[in-house]
>>> print(open('start33.pdb').read())   # PDB, C-alpha atoms, pLDDT in the B column
ATOM      1  CA  MET A  11       2.314 -20.922  -5.889  1.00 48.00           C
ATOM      2  CA  ARG A  12       2.927 -19.884  -2.301  1.00 51.00           C
ATOM      3  CA  PHE A  13       2.542 -22.532   0.422  1.00 44.00           C
ATOM      4  CA  GLU A  14      -0.379 -20.691   2.031  1.00 54.00           C
ATOM      5  CA  ASP A  15      -2.263 -20.521  -1.255  1.00 56.00           C
ATOM      6  CA  TRP A  16      -1.687 -24.225  -1.831  1.00 46.00           C
ATOM      7  CA  THR A  17      -2.813 -25.370   1.633  1.00 48.00           C
ATOM      8  CA  ASP A  18      -5.601 -22.798   2.074  1.00 58.00           C
ATOM      9  CA  PRO A  19      -6.616 -21.512  -1.368  1.00 63.00           C
ATOM     10  CA  VAL A  20      -8.644 -18.323  -1.724  1.00 63.00           C
ATOM     11  CA  ARG A  21     -12.240 -19.222  -2.505  1.00 68.00           C
ATOM     12  CA  SER A  22     -13.394 -18.332  -5.975  1.00 69.00           C
ATOM     13  CA  ALA A  23     -15.725 -15.358  -6.350  1.00 68.00           C
ATOM     14  CA  GLU A  24     -17.237 -13.410  -9.185  1.00 73.00           C
ATOM     15  CA  ARG A  25     -15.225 -10.260  -9.789  1.00 80.00           C
ATOM     16  CA  GLU A  26     -16.768  -6.910 -10.633  1.00 87.00           C
ATOM     17  CA  VAL A  27     -14.588  -5.272 -13.279  1.00 93.00           C
ATOM     18  CA  ALA A  28     -15.626  -2.117 -15.118  1.00 94.00           C
ATOM     19  CA  SER A  29     -13.623  -1.186 -18.203  1.00 96.00           C
ATOM     20  CA  LEU A  30     -13.324   1.681 -20.661  1.00 95.00           C
ATOM     21  CA  LEU A  31     -11.068   1.429 -23.681  1.00 95.00           C
ATOM     22  CA  PRO A  32      -9.657   4.303 -25.733  1.00 94.00           C
ATOM     23  CA  ASP A  33     -10.988   4.896 -29.230  1.00 90.00           C
ATOM     24  CA  ALA A  34      -7.662   3.789 -30.713  1.00 89.00           C
ATOM     25  CA  ASP A  35      -5.128   1.321 -29.330  1.00 88.00           C
ATOM     26  CA  GLU A  36      -1.877   3.267 -29.059  1.00 88.00           C
ATOM     27  CA  GLY A  37      -0.020   0.501 -27.219  1.00 90.00           C
ATOM     28  CA  ARG A  38      -0.261   2.145 -23.817  1.00 94.00           C
ATOM     29  CA  PRO A  39      -0.321  -0.126 -20.754  1.00 96.00           C
ATOM     30  CA  PRO A  40      -3.667  -0.919 -19.154  1.00 97.00           C
ATOM     31  CA  VAL A  41      -4.380   0.809 -15.856  1.00 98.00           C
ATOM     32  CA  LEU A  42      -6.125  -1.202 -13.135  1.00 98.00           C
ATOM     33  CA  PHE A  43      -7.694   0.910 -10.381  1.00 98.00           C
ATOM     34  CA  VAL A  44      -8.290  -0.639  -6.935  1.00 97.00           C
ATOM     35  CA  PRO A  45     -10.699   1.195  -4.585  1.00 96.00           C
ATOM     36  CA  GLY A  46     -10.248   1.472  -0.844  1.00 92.00           C
ATOM     37  CA  LEU A  47     -12.302   0.753   2.261  1.00 88.00           C
ATOM     38  CA  GLY A  48     -16.012   1.271   1.697  1.00 87.00           C
ATOM     39  CA  HIS A  49     -15.514   2.433  -1.879  1.00 93.00           C
ATOM     40  CA  GLY A  50     -16.739   0.422  -4.838  1.00 93.00           C
ATOM     41  CA  ALA A  51     -15.741   0.500  -8.487  1.00 95.00           C
ATOM     42  CA  TRP A  52     -17.964   3.576  -8.855  1.00 96.00           C
ATOM     43  CA  ALA A  53     -15.407   5.714  -6.983  1.00 97.00           C
ATOM     44  CA  PHE A  54     -13.009   5.514  -9.947  1.00 98.00           C
ATOM     45  CA  ALA A  55     -15.683   5.133 -12.619  1.00 97.00           C
ATOM     46  CA  GLU A  56     -16.998   8.584 -11.668  1.00 96.00           C
ATOM     47  CA  HIS A  57     -14.023  10.542 -13.076  1.00 98.00           C
ATOM     48  CA  TRP A  58     -10.643   8.824 -13.302  1.00 98.00           C
ATOM     49  CA  LEU A  59     -11.674   5.786 -15.367  1.00 98.00           C
ATOM     50  CA  PRO A  60     -13.104   7.763 -18.316  1.00 97.00           C
ATOM     51  CA  HIS A  61     -10.346  10.358 -18.040  1.00 98.00           C
ATOM     52  CA  ALA A  62      -7.605   7.722 -18.298  1.00 98.00           C
ATOM     53  CA  ALA A  63      -9.346   6.145 -21.290  1.00 97.00           C
ATOM     54  CA  GLY A  64      -9.700   9.585 -22.865  1.00 96.00           C
ATOM     55  CA  ARG A  65      -5.938   9.988 -22.621  1.00 96.00           C
ATOM     56  CA  GLY A  66      -5.361   6.712 -24.442  1.00 96.00           C
ATOM     57  CA  PHE A  67      -4.956   4.257 -21.563  1.00 97.00           C
ATOM     58  CA  PRO A  68      -7.114   1.105 -21.415  1.00 97.00           C
ATOM     59  CA  ALA A  69      -8.753   1.660 -18.024  1.00 98.00           C
ATOM     60  CA  HIS A  70     -10.198  -0.930 -15.656  1.00 98.00           C
ATOM     61  CA  VAL A  71     -11.449  -0.823 -12.075  1.00 98.00           C
ATOM     62  CA  LEU A  72     -11.850  -3.832  -9.799  1.00 96.00           C
ATOM     63  CA  GLY A  73     -14.707  -3.789  -7.312  1.00 90.00           C
ATOM     64  CA  PRO A  74     -14.076  -5.369  -3.878  1.00 85.00           C
ATOM     65  CA  ARG A  75     -15.477  -8.831  -3.237  1.00 80.00           C
ATOM     66  CA  PRO A  76     -18.111  -8.880  -0.427  1.00 77.00           C
ATOM     67  CA  GLY A  77     -16.570  -9.967   2.854  1.00 75.00           C
ATOM     68  CA  GLY A  78     -13.186 -10.701   1.350  1.00 72.00           C
ATOM     69  CA  ASP A  79     -10.126 -10.487   3.569  1.00 85.00           C
ATOM     70  CA  LEU A  80      -6.918  -8.767   2.539  1.00 86.00           C
ATOM     71  CA  ARG A  81      -5.402 -11.930   1.068  1.00 89.00           C
ATOM     72  CA  ALA A  82      -8.487 -12.490  -1.085  1.00 90.00           C
ATOM     73  CA  LEU A  83      -8.404  -8.892  -2.342  1.00 92.00           C
ATOM     74  CA  VAL A  84      -4.718  -9.238  -3.270  1.00 94.00           C
ATOM     75  CA  HIS A  85      -5.533 -12.500  -5.066  1.00 93.00           C
ATOM     76  CA  ASP A  86      -8.254 -10.759  -7.076  1.00 94.00           C
ATOM     77  CA  VAL A  87      -5.924  -7.945  -8.126  1.00 96.00           C
ATOM     78  CA  VAL A  88      -3.202 -10.368  -9.221  1.00 96.00           C
ATOM     79  CA  GLN A  89      -5.630 -12.561 -11.156  1.00 94.00           C
ATOM     80  CA  THR A  90      -7.362  -9.613 -12.832  1.00 96.00           C
ATOM     81  CA  ALA A  91      -4.072  -7.945 -13.818  1.00 97.00           C
ATOM     82  CA  ALA A  92      -2.655 -11.215 -15.144  1.00 96.00           C
ATOM     83  CA  ALA A  93      -5.689 -11.620 -17.406  1.00 95.00           C
ATOM     84  CA  LEU A  94      -5.142  -8.261 -19.130  1.00 96.00           C
ATOM     85  CA  PRO A  95      -3.515  -8.357 -22.580  1.00 94.00           C
ATOM     86  CA  ARG A  96      -0.512  -6.263 -21.540  1.00 95.00           C
ATOM     87  CA  GLN A  97       1.520  -5.732 -18.386  1.00 96.00           C
ATOM     88  CA  ALA A  98      -0.639  -3.493 -16.200  1.00 97.00           C
ATOM     89  CA  VAL A  99      -0.173  -0.401 -14.091  1.00 98.00           C
ATOM     90  CA  LEU A 100      -1.763  -0.858 -10.648  1.00 98.00           C
ATOM     91  CA  VAL A 101      -3.334   2.185  -8.980  1.00 98.00           C
ATOM     92  CA  GLY A 102      -4.745   1.731  -5.476  1.00 98.00           C
ATOM     93  CA  HIS A 103      -6.434   4.226  -3.158  1.00 97.00           C
ATOM     94  CA  GLY A 104      -6.451   4.091   0.652  1.00 94.00           C
ATOM     95  CA  VAL A 105      -6.677   0.466   1.753  1.00 92.00           C
ATOM     96  CA  GLY A 106      -6.716  -0.357  -1.971  1.00 95.00           C
ATOM     97  CA  ALA A 107      -3.147   0.992  -2.056  1.00 96.00           C
ATOM     98  CA  LEU A 108      -2.230  -1.517   0.659  1.00 94.00           C
ATOM     99  CA  VAL A 109      -3.750  -4.253  -1.514  1.00 95.00           C
ATOM    100  CA  VAL A 110      -1.686  -3.028  -4.482  1.00 97.00           C
ATOM    101  CA  ALA A 111       1.486  -2.890  -2.372  1.00 96.00           C
ATOM    102  CA  ARG A 112       0.993  -6.542  -1.480  1.00 95.00           C
ATOM    103  CA  ALA A 113       0.041  -7.516  -5.013  1.00 97.00           C
ATOM    104  CA  LEU A 114       3.344  -6.058  -6.230  1.00 97.00           C
ATOM    105  CA  GLY A 115       5.084  -8.885  -4.403  1.00 96.00           C
ATOM    106  CA  ARG A 116       3.352 -11.378  -6.686  1.00 95.00           C
ATOM    107  CA  TYR A 117       2.615  -9.579  -9.967  1.00 97.00           C
ATOM    108  CA  PRO A 118       5.309  -7.932 -12.158  1.00 97.00           C
ATOM    109  CA  ALA A 119       3.503  -4.638 -12.728  1.00 97.00           C
ATOM    110  CA  ARG A 120       4.572  -2.122 -15.366  1.00 97.00           C
ATOM    111  CA  ALA A 121       4.338   0.528 -12.632  1.00 97.00           C
ATOM    112  CA  ALA A 122       2.246   1.277  -9.566  1.00 98.00           C
ATOM    113  CA  VAL A 123       0.673   4.294  -7.892  1.00 98.00           C
ATOM    114  CA  LEU A 124      -0.319   4.324  -4.232  1.00 98.00           C
ATOM    115  CA  VAL A 125      -2.869   7.113  -3.730  1.00 98.00           C
ATOM    116  CA  ALA A 126      -3.339   8.260  -0.110  1.00 97.00           C
ATOM    117  CA  PRO A 127      -2.086   4.825   0.969  1.00 96.00           C
ATOM    118  CA  VAL A 128      -3.245   3.366   4.279  1.00 92.00           C
ATOM    119  CA  LEU A 129      -0.111   1.387   5.108  1.00 88.00           C
ATOM    120  CA  ASP A 130      -0.127   2.378   8.782  1.00 79.00           C
ATOM    121  CA  GLY A 131      -3.447   1.310  10.269  1.00 72.00           C
ATOM    122  CA  TRP A 132      -2.743   2.720  13.733  1.00 75.00           C
ATOM    123  CA  SER A 133      -1.949   6.136  12.315  1.00 78.00           C
ATOM    124  CA  ALA A 134      -5.104   6.062  10.172  1.00 78.00           C
ATOM    125  CA  LEU A 135      -7.164   5.043  13.214  1.00 74.00           C
ATOM    126  CA  GLY A 136      -5.770   7.954  15.216  1.00 74.00           C
ATOM    127  CA  SER A 137      -6.612  10.349  12.393  1.00 77.00           C
ATOM    128  CA  ALA A 138     -10.139   8.911  12.179  1.00 71.00           C
ATOM    129  CA  LEU A 139     -10.699   9.370  15.897  1.00 76.00           C
ATOM    130  CA  ARG A 140      -9.618  13.000  15.679  1.00 81.00           C
ATOM    131  CA  ALA A 141     -11.629  13.850  12.561  1.00 77.00           C
ATOM    132  CA  ASN A 142     -14.719  11.717  13.194  1.00 75.00           C
ATOM    133  CA  PRO A 143     -14.892  10.346  16.759  1.00 77.00           C
ATOM    134  CA  GLY A 144     -18.641   9.743  16.692  1.00 73.00           C
ATOM    135  CA  GLY A 145     -18.444   7.644  13.554  1.00 70.00           C
ATOM    136  CA  THR A 146     -15.263   5.786  14.517  1.00 76.00           C
ATOM    137  CA  LEU A 147     -15.710   4.804  18.180  1.00 70.00           C
ATOM    138  CA  PRO A 148     -18.659   2.422  17.589  1.00 70.00           C
ATOM    139  CA  ALA A 149     -16.544   0.423  15.123  1.00 70.00           C
ATOM    140  CA  LEU A 150     -13.977  -0.270  17.857  1.00 71.00           C
ATOM    141  CA  VAL A 151     -16.550  -2.224  19.855  1.00 64.00           C
ATOM    142  CA  GLY A 152     -18.120  -4.155  17.009  1.00 66.00           C
ATOM    143  CA  GLY A 153     -20.463  -1.444  15.725  1.00 66.00           C
ATOM    144  CA  ARG A 154     -20.642   0.117  12.302  1.00 72.00           C
ATOM    145  CA  LEU A 155     -18.077   2.552  10.960  1.00 76.00           C
ATOM    146  CA  LYS A 156     -19.596   5.768   9.619  1.00 83.00           C
ATOM    147  CA  LEU A 157     -17.338   7.872   7.435  1.00 83.00           C
ATOM    148  CA  SER A 158     -17.831  11.625   7.337  1.00 86.00           C
ATOM    149  CA  ALA A 159     -17.532  14.242   4.628  1.00 91.00           C
ATOM    150  CA  ARG A 160     -14.938  16.042   6.758  1.00 89.00           C
ATOM    151  CA  GLN A 161     -12.695  12.958   6.643  1.00 91.00           C
ATOM    152  CA  LEU A 162     -12.881  12.329   2.941  1.00 94.00           C
ATOM    153  CA  PHE A 163     -13.608  15.536   1.027  1.00 96.00           C
ATOM    154  CA  GLY A 164     -12.356  19.083   0.789  1.00 93.00           C
ATOM    155  CA  ALA A 165     -14.493  22.157   1.311  1.00 90.00           C
ATOM    156  CA  GLY A 166     -14.811  22.681  -2.450  1.00 93.00           C
ATOM    157  CA  LEU A 167     -17.049  19.640  -2.959  1.00 95.00           C
ATOM    158  CA  PRO A 168     -20.740  20.610  -2.717  1.00 95.00           C
ATOM    159  CA  ALA A 169     -22.439  19.174   0.372  1.00 95.00           C
ATOM    160  CA  GLU A 170     -25.134  17.511  -1.716  1.00 95.00           C
ATOM    161  CA  GLN A 171     -22.539  15.695  -3.828  1.00 96.00           C
ATOM    162  CA  ALA A 172     -20.574  14.649  -0.739  1.00 96.00           C
ATOM    163  CA  GLY A 173     -23.752  13.244   0.770  1.00 95.00           C
ATOM    164  CA  GLU A 174     -24.468  11.219  -2.358  1.00 96.00           C
ATOM    165  CA  TYR A 175     -20.983   9.715  -2.273  1.00 96.00           C
ATOM    166  CA  LEU A 176     -21.216   8.873   1.432  1.00 94.00           C
ATOM    167  CA  ALA A 177     -24.562   7.142   0.874  1.00 94.00           C
ATOM    168  CA  ARG A 178     -22.873   4.770  -1.583  1.00 93.00           C
ATOM    169  CA  MET A 179     -20.091   3.751   0.809  1.00 91.00           C
ATOM    170  CA  ASP A 180     -20.165   0.601   2.898  1.00 84.00           C
ATOM    171  CA  PRO A 181     -17.032   0.556   5.080  1.00 81.00           C
ATOM    172  CA  ARG A 182     -16.357  -2.692   6.917  1.00 74.00           C
ATOM    173  CA  PRO A 183     -13.175  -2.355   8.971  1.00 69.00           C
ATOM    174  CA  ARG A 184     -11.095  -5.410   9.786  1.00 69.00           C
ATOM    175  CA  ARG A 185      -8.578  -6.001  12.566  1.00 69.00           C
ATOM    176  CA  GLU A 186      -6.020  -7.138   9.995  1.00 66.00           C
ATOM    177  CA  LEU A 187      -5.762  -3.516   8.802  1.00 68.00           C
ATOM    178  CA  LEU A 188      -4.367  -2.350  12.129  1.00 66.00           C
ATOM    179  CA  GLY A 189      -0.615  -2.099  12.503  1.00 67.00           C
ATOM    180  CA  ARG A 190       2.038  -0.746  10.171  1.00 73.00           C
ATOM    181  CA  ALA A 191       2.338  -2.727   6.959  1.00 71.00           C
ATOM    182  CA  VAL A 192       5.739  -3.733   5.602  1.00 78.00           C
ATOM    183  CA  PRO A 193       5.026  -4.263   1.903  1.00 83.00           C
ATOM    184  CA  PRO A 194       6.929  -7.056   0.160  1.00 89.00           C
ATOM    185  CA  ARG A 195       9.666  -6.259  -2.291  1.00 92.00           C
ATOM    186  CA  PRO A 196       8.013  -5.682  -5.681  1.00 95.00           C
ATOM    187  CA  VAL A 197       8.617  -8.289  -8.359  1.00 95.00           C
ATOM    188  CA  GLY A 198      10.785  -6.837 -11.101  1.00 92.00           C
ATOM    189  CA  THR A 199      11.345  -3.496  -9.298  1.00 89.00           C
ATOM    190  CA  PRO A 200       8.678  -1.429 -11.111  1.00 96.00           C
ATOM    191  CA  PRO A 201       8.584   2.347 -10.571  1.00 96.00           C
ATOM    192  CA  VAL A 202       6.221   3.167  -7.692  1.00 97.00           C
ATOM    193  CA  LEU A 203       4.686   6.582  -7.100  1.00 98.00           C
ATOM    194  CA  VAL A 204       3.078   7.656  -3.820  1.00 98.00           C
ATOM    195  CA  ALA A 205       0.528  10.458  -4.204  1.00 98.00           C
ATOM    196  CA  GLY A 206      -1.601  12.250  -1.648  1.00 98.00           C
ATOM    197  CA  SER A 207      -2.402  15.484   0.109  1.00 97.00           C
ATOM    198  CA  PRO A 208      -0.715  17.089   3.117  1.00 97.00           C
ATOM    199  CA  ASP A 209      -4.240  18.104   4.172  1.00 95.00           C
ATOM    200  CA  ASP A 210      -5.591  14.530   4.187  1.00 94.00           C
ATOM    201  CA  ARG A 211      -7.466  13.755   7.449  1.00 92.00           C
ATOM    202  CA  VAL A 212      -6.983  10.000   7.016  1.00 92.00           C
ATOM    203  CA  VAL A 213      -3.341   9.656   5.958  1.00 93.00           C
ATOM    204  CA  SER A 214      -0.907  12.055   7.594  1.00 92.00           C
ATOM    205  CA  ARG A 215       1.948  13.792   5.815  1.00 94.00           C
ATOM    206  CA  LYS A 216       4.395  11.717   7.864  1.00 93.00           C
ATOM    207  CA  ALA A 217       2.675   8.522   6.693  1.00 92.00           C
ATOM    208  CA  LEU A 218       2.920   9.703   3.085  1.00 95.00           C
ATOM    209  CA  ASP A 219       6.624  10.425   3.533  1.00 96.00           C
ATOM    210  CA  ARG A 220       7.228   6.979   5.063  1.00 93.00           C
ATOM    211  CA  ALA A 221       5.354   5.238   2.264  1.00 94.00           C
ATOM    212  CA  ALA A 222       7.261   7.107  -0.440  1.00 96.00           C
ATOM    213  CA  ALA A 223      10.609   6.511   1.283  1.00 95.00           C
ATOM    214  CA  ALA A 224       9.892   2.765   1.328  1.00 93.00           C
ATOM    215  CA  TYR A 225       9.995   2.916  -2.480  1.00 94.00           C
ATOM    216  CA  GLY A 226      12.963   5.241  -2.667  1.00 92.00           C
ATOM    217  CA  GLY A 227      11.228   8.521  -3.480  1.00 93.00           C
ATOM    218  CA  ASP A 228       9.186  11.473  -2.283  1.00 96.00           C
ATOM    219  CA  PRO A 229       5.398  11.774  -2.372  1.00 97.00           C
ATOM    220  CA  LEU A 230       3.606  13.705  -5.090  1.00 98.00           C
ATOM    221  CA  LEU A 231       1.513  16.179  -3.087  1.00 98.00           C
ATOM    222  CA  PHE A 232      -1.710  18.017  -3.852  1.00 98.00           C
ATOM    223  CA  PRO A 233      -2.229  20.666  -1.176  1.00 97.00           C
ATOM    224  CA  GLY A 234      -5.788  21.684  -0.406  1.00 95.00           C
ATOM    225  CA  MET A 235      -7.251  18.338  -1.408  1.00 96.00           C
ATOM    226  CA  ALA A 236      -8.555  15.638   0.926  1.00 96.00           C
ATOM    227  CA  HIS A 237      -8.414  11.838   1.131  1.00 96.00           C
ATOM    228  CA  ASP A 238     -10.648  10.999  -1.832  1.00 97.00           C
ATOM    229  CA  LEU A 239      -8.613  12.718  -4.527  1.00 98.00           C
ATOM    230  CA  MET A 240     -10.544  10.946  -7.286  1.00 98.00           C
ATOM    231  CA  LEU A 241     -13.875  12.416  -6.111  1.00 98.00           C
ATOM    232  CA  GLU A 242     -12.804  15.964  -5.300  1.00 97.00           C
ATOM    233  CA  SER A 243     -14.008  18.919  -7.373  1.00 95.00           C
ATOM    234  CA  SER A 244     -10.402  19.250  -8.606  1.00 96.00           C
ATOM    235  CA  TRP A 245     -10.115  15.520  -9.395  1.00 98.00           C
ATOM    236  CA  ALA A 246      -8.456  16.105 -12.789  1.00 98.00           C
ATOM    237  CA  GLU A 247      -5.240  17.547 -11.323  1.00 98.00           C
ATOM    238  CA  PRO A 248      -3.971  14.365  -9.627  1.00 98.00           C
ATOM    239  CA  ILE A 249      -4.972  11.916 -12.374  1.00 98.00           C
ATOM    240  CA  ASP A 250      -3.334  14.100 -15.031  1.00 98.00           C
ATOM    241  CA  ALA A 251      -0.171  14.269 -12.929  1.00 98.00           C
ATOM    242  CA  ILE A 252      -0.242  10.484 -12.450  1.00 98.00           C
ATOM    243  CA  LEU A 253      -0.675   9.820 -16.165  1.00 97.00           C
ATOM    244  CA  ASP A 254       2.071  12.356 -16.982  1.00 97.00           C
ATOM    245  CA  TRP A 255       4.377  10.541 -14.551  1.00 96.00           C
ATOM    246  CA  LEU A 256       3.465   7.233 -16.127  1.00 95.00           C
ATOM    247  CA  GLY A 257       4.355   8.613 -19.543  1.00 91.00           C
ATOM    248  CA  LYS A 258       7.810   9.473 -18.240  1.00 91.00           C
ATOM    249  CA  GLN A 259       8.259   5.872 -17.069  1.00 87.00           C
ATOM    250  CA  GLY A 260       7.868   4.562 -20.598  1.00 72.00           C
ATOM    251  CA  GLY A 261       4.071   4.327 -20.530  1.00 59.00           C
ATOM    252  CA  ARG A 262       3.949   6.755 -23.504  1.00 61.00           C
TER     253      ARG A 262
END
>>> encode(input="start33.pdb", output="structure tokens")
Amino acid sequence: MRFEDWTDPVRSAEREVASLLPDADEGRPPVLFVPGLGHGAWAFAEHWLPHAAGRGFPAHVLGPRPGGDLRALVHDVVQTAAALPRQAVLVGHGVGALVVARALGRYPARAAVLVAPVLDGWSALGSALRANPGGTLPALVGGRLKLSARQLFGAGLPAEQAGEYLARMDPRPRRELLGRAVPPRPVGTPPVLVAGSPDDRVVSRKALDRAAAAYGGDPLLFPGMAHDLMLESSWAEPIDAILDWLGKQGGR
């Protein structure tokens, strides 16, 4: 146990975990999805959760605890992964990727995937101000952050569907997300994949390159897609590529 956790333990909270299991257990590692800022478990349950289960991977998604800080979210990921029957693969999106990056310093994951990772809060803030100034500026003075379809989705997603997704989001920015994160060294040196789009209006191509370089590789890119790869009309392309990559790492 770390000193901070001993002197100031994370308060207990009920965790929202949605799961889908494959029809037959083929021994593949469980995949734990971690959503990002404003996104609930539904963001992965929409497409990627059933698709991963359909390809033989036990699939789980952890919903964010209400009002939890970054340390509490990391705690929840570590505790949820540790309770799974086999060593898990952690897949985080956006700020959820930052949570996964920190969890890797405490949990010996089978592998990890950082999807459109927000590891550089200042860069993400600059991108938000350029893409959605009206929705971002109020949040800087204590108001509410309003995400826009232009920030999160590509032109191929129908406007009605984008509106439905936005209505389900509840982004609550925190000062602790600002700055450039230096993730801890992963326990057990698991393979780590960084995936994203060069056309993302939240995470720049340079930020993707920096994140991938921190783990000794290059990013897996999906041109033409936007920040929410798991909700795009072409959502199957990145999750299939991620699961194919996982298979090459020994995840069968």
>>> atom_distance(input="start33.pdb", atom1="atom CA of A:Arg96", atom2="atom CA of A:Tyr225")
23.6 Å
>>> closest_atom_pairs(input="start33.pdb", of="stretch 220-254 of chain A", to="stretch 33-42 of chain A", cutoff="12 Å", atoms="all atoms listed in the file", output="JSON lines")
{"residue": "A:Ile249", "atom": "CA", "partner": "A:Val41", "partner_atom": "CA", "distance": 11.7}
{"residue": "A:Ile252", "atom": "CA", "partner": "A:Val41", "partner_atom": "CA", "distance": 11.1}
{"residue": "A:Leu253", "atom": "CA", "partner": "A:Val41", "partner_atom": "CA", "distance": 9.7}
>>> resolve_selection(input="start33.pdb", expression="the PyMOL selection byres ((chain A and resi 53) around 12)", output="PyMOL selection string")
chain A and resi 28+43-52+54-60+71-74+102-104+106+174-176+178-179+238-242+245
>>> resolve_selection(input="start33.pdb", expression="the PyMOL selection byres ((chain A and resi 211-219) around 9)", output="MDAnalysis selection string")
chainID A and resid 104 126:130 133:138 140:141 160:162 204:210 220:224 227:229 236:237
>>> resolve_selection(input="start33.pdb", expression="the PyMOL selection byres ((chain A and resi 195) around 9)", output="ChimeraX atom specification")
/A:111-112,114-115,193-194,196-199
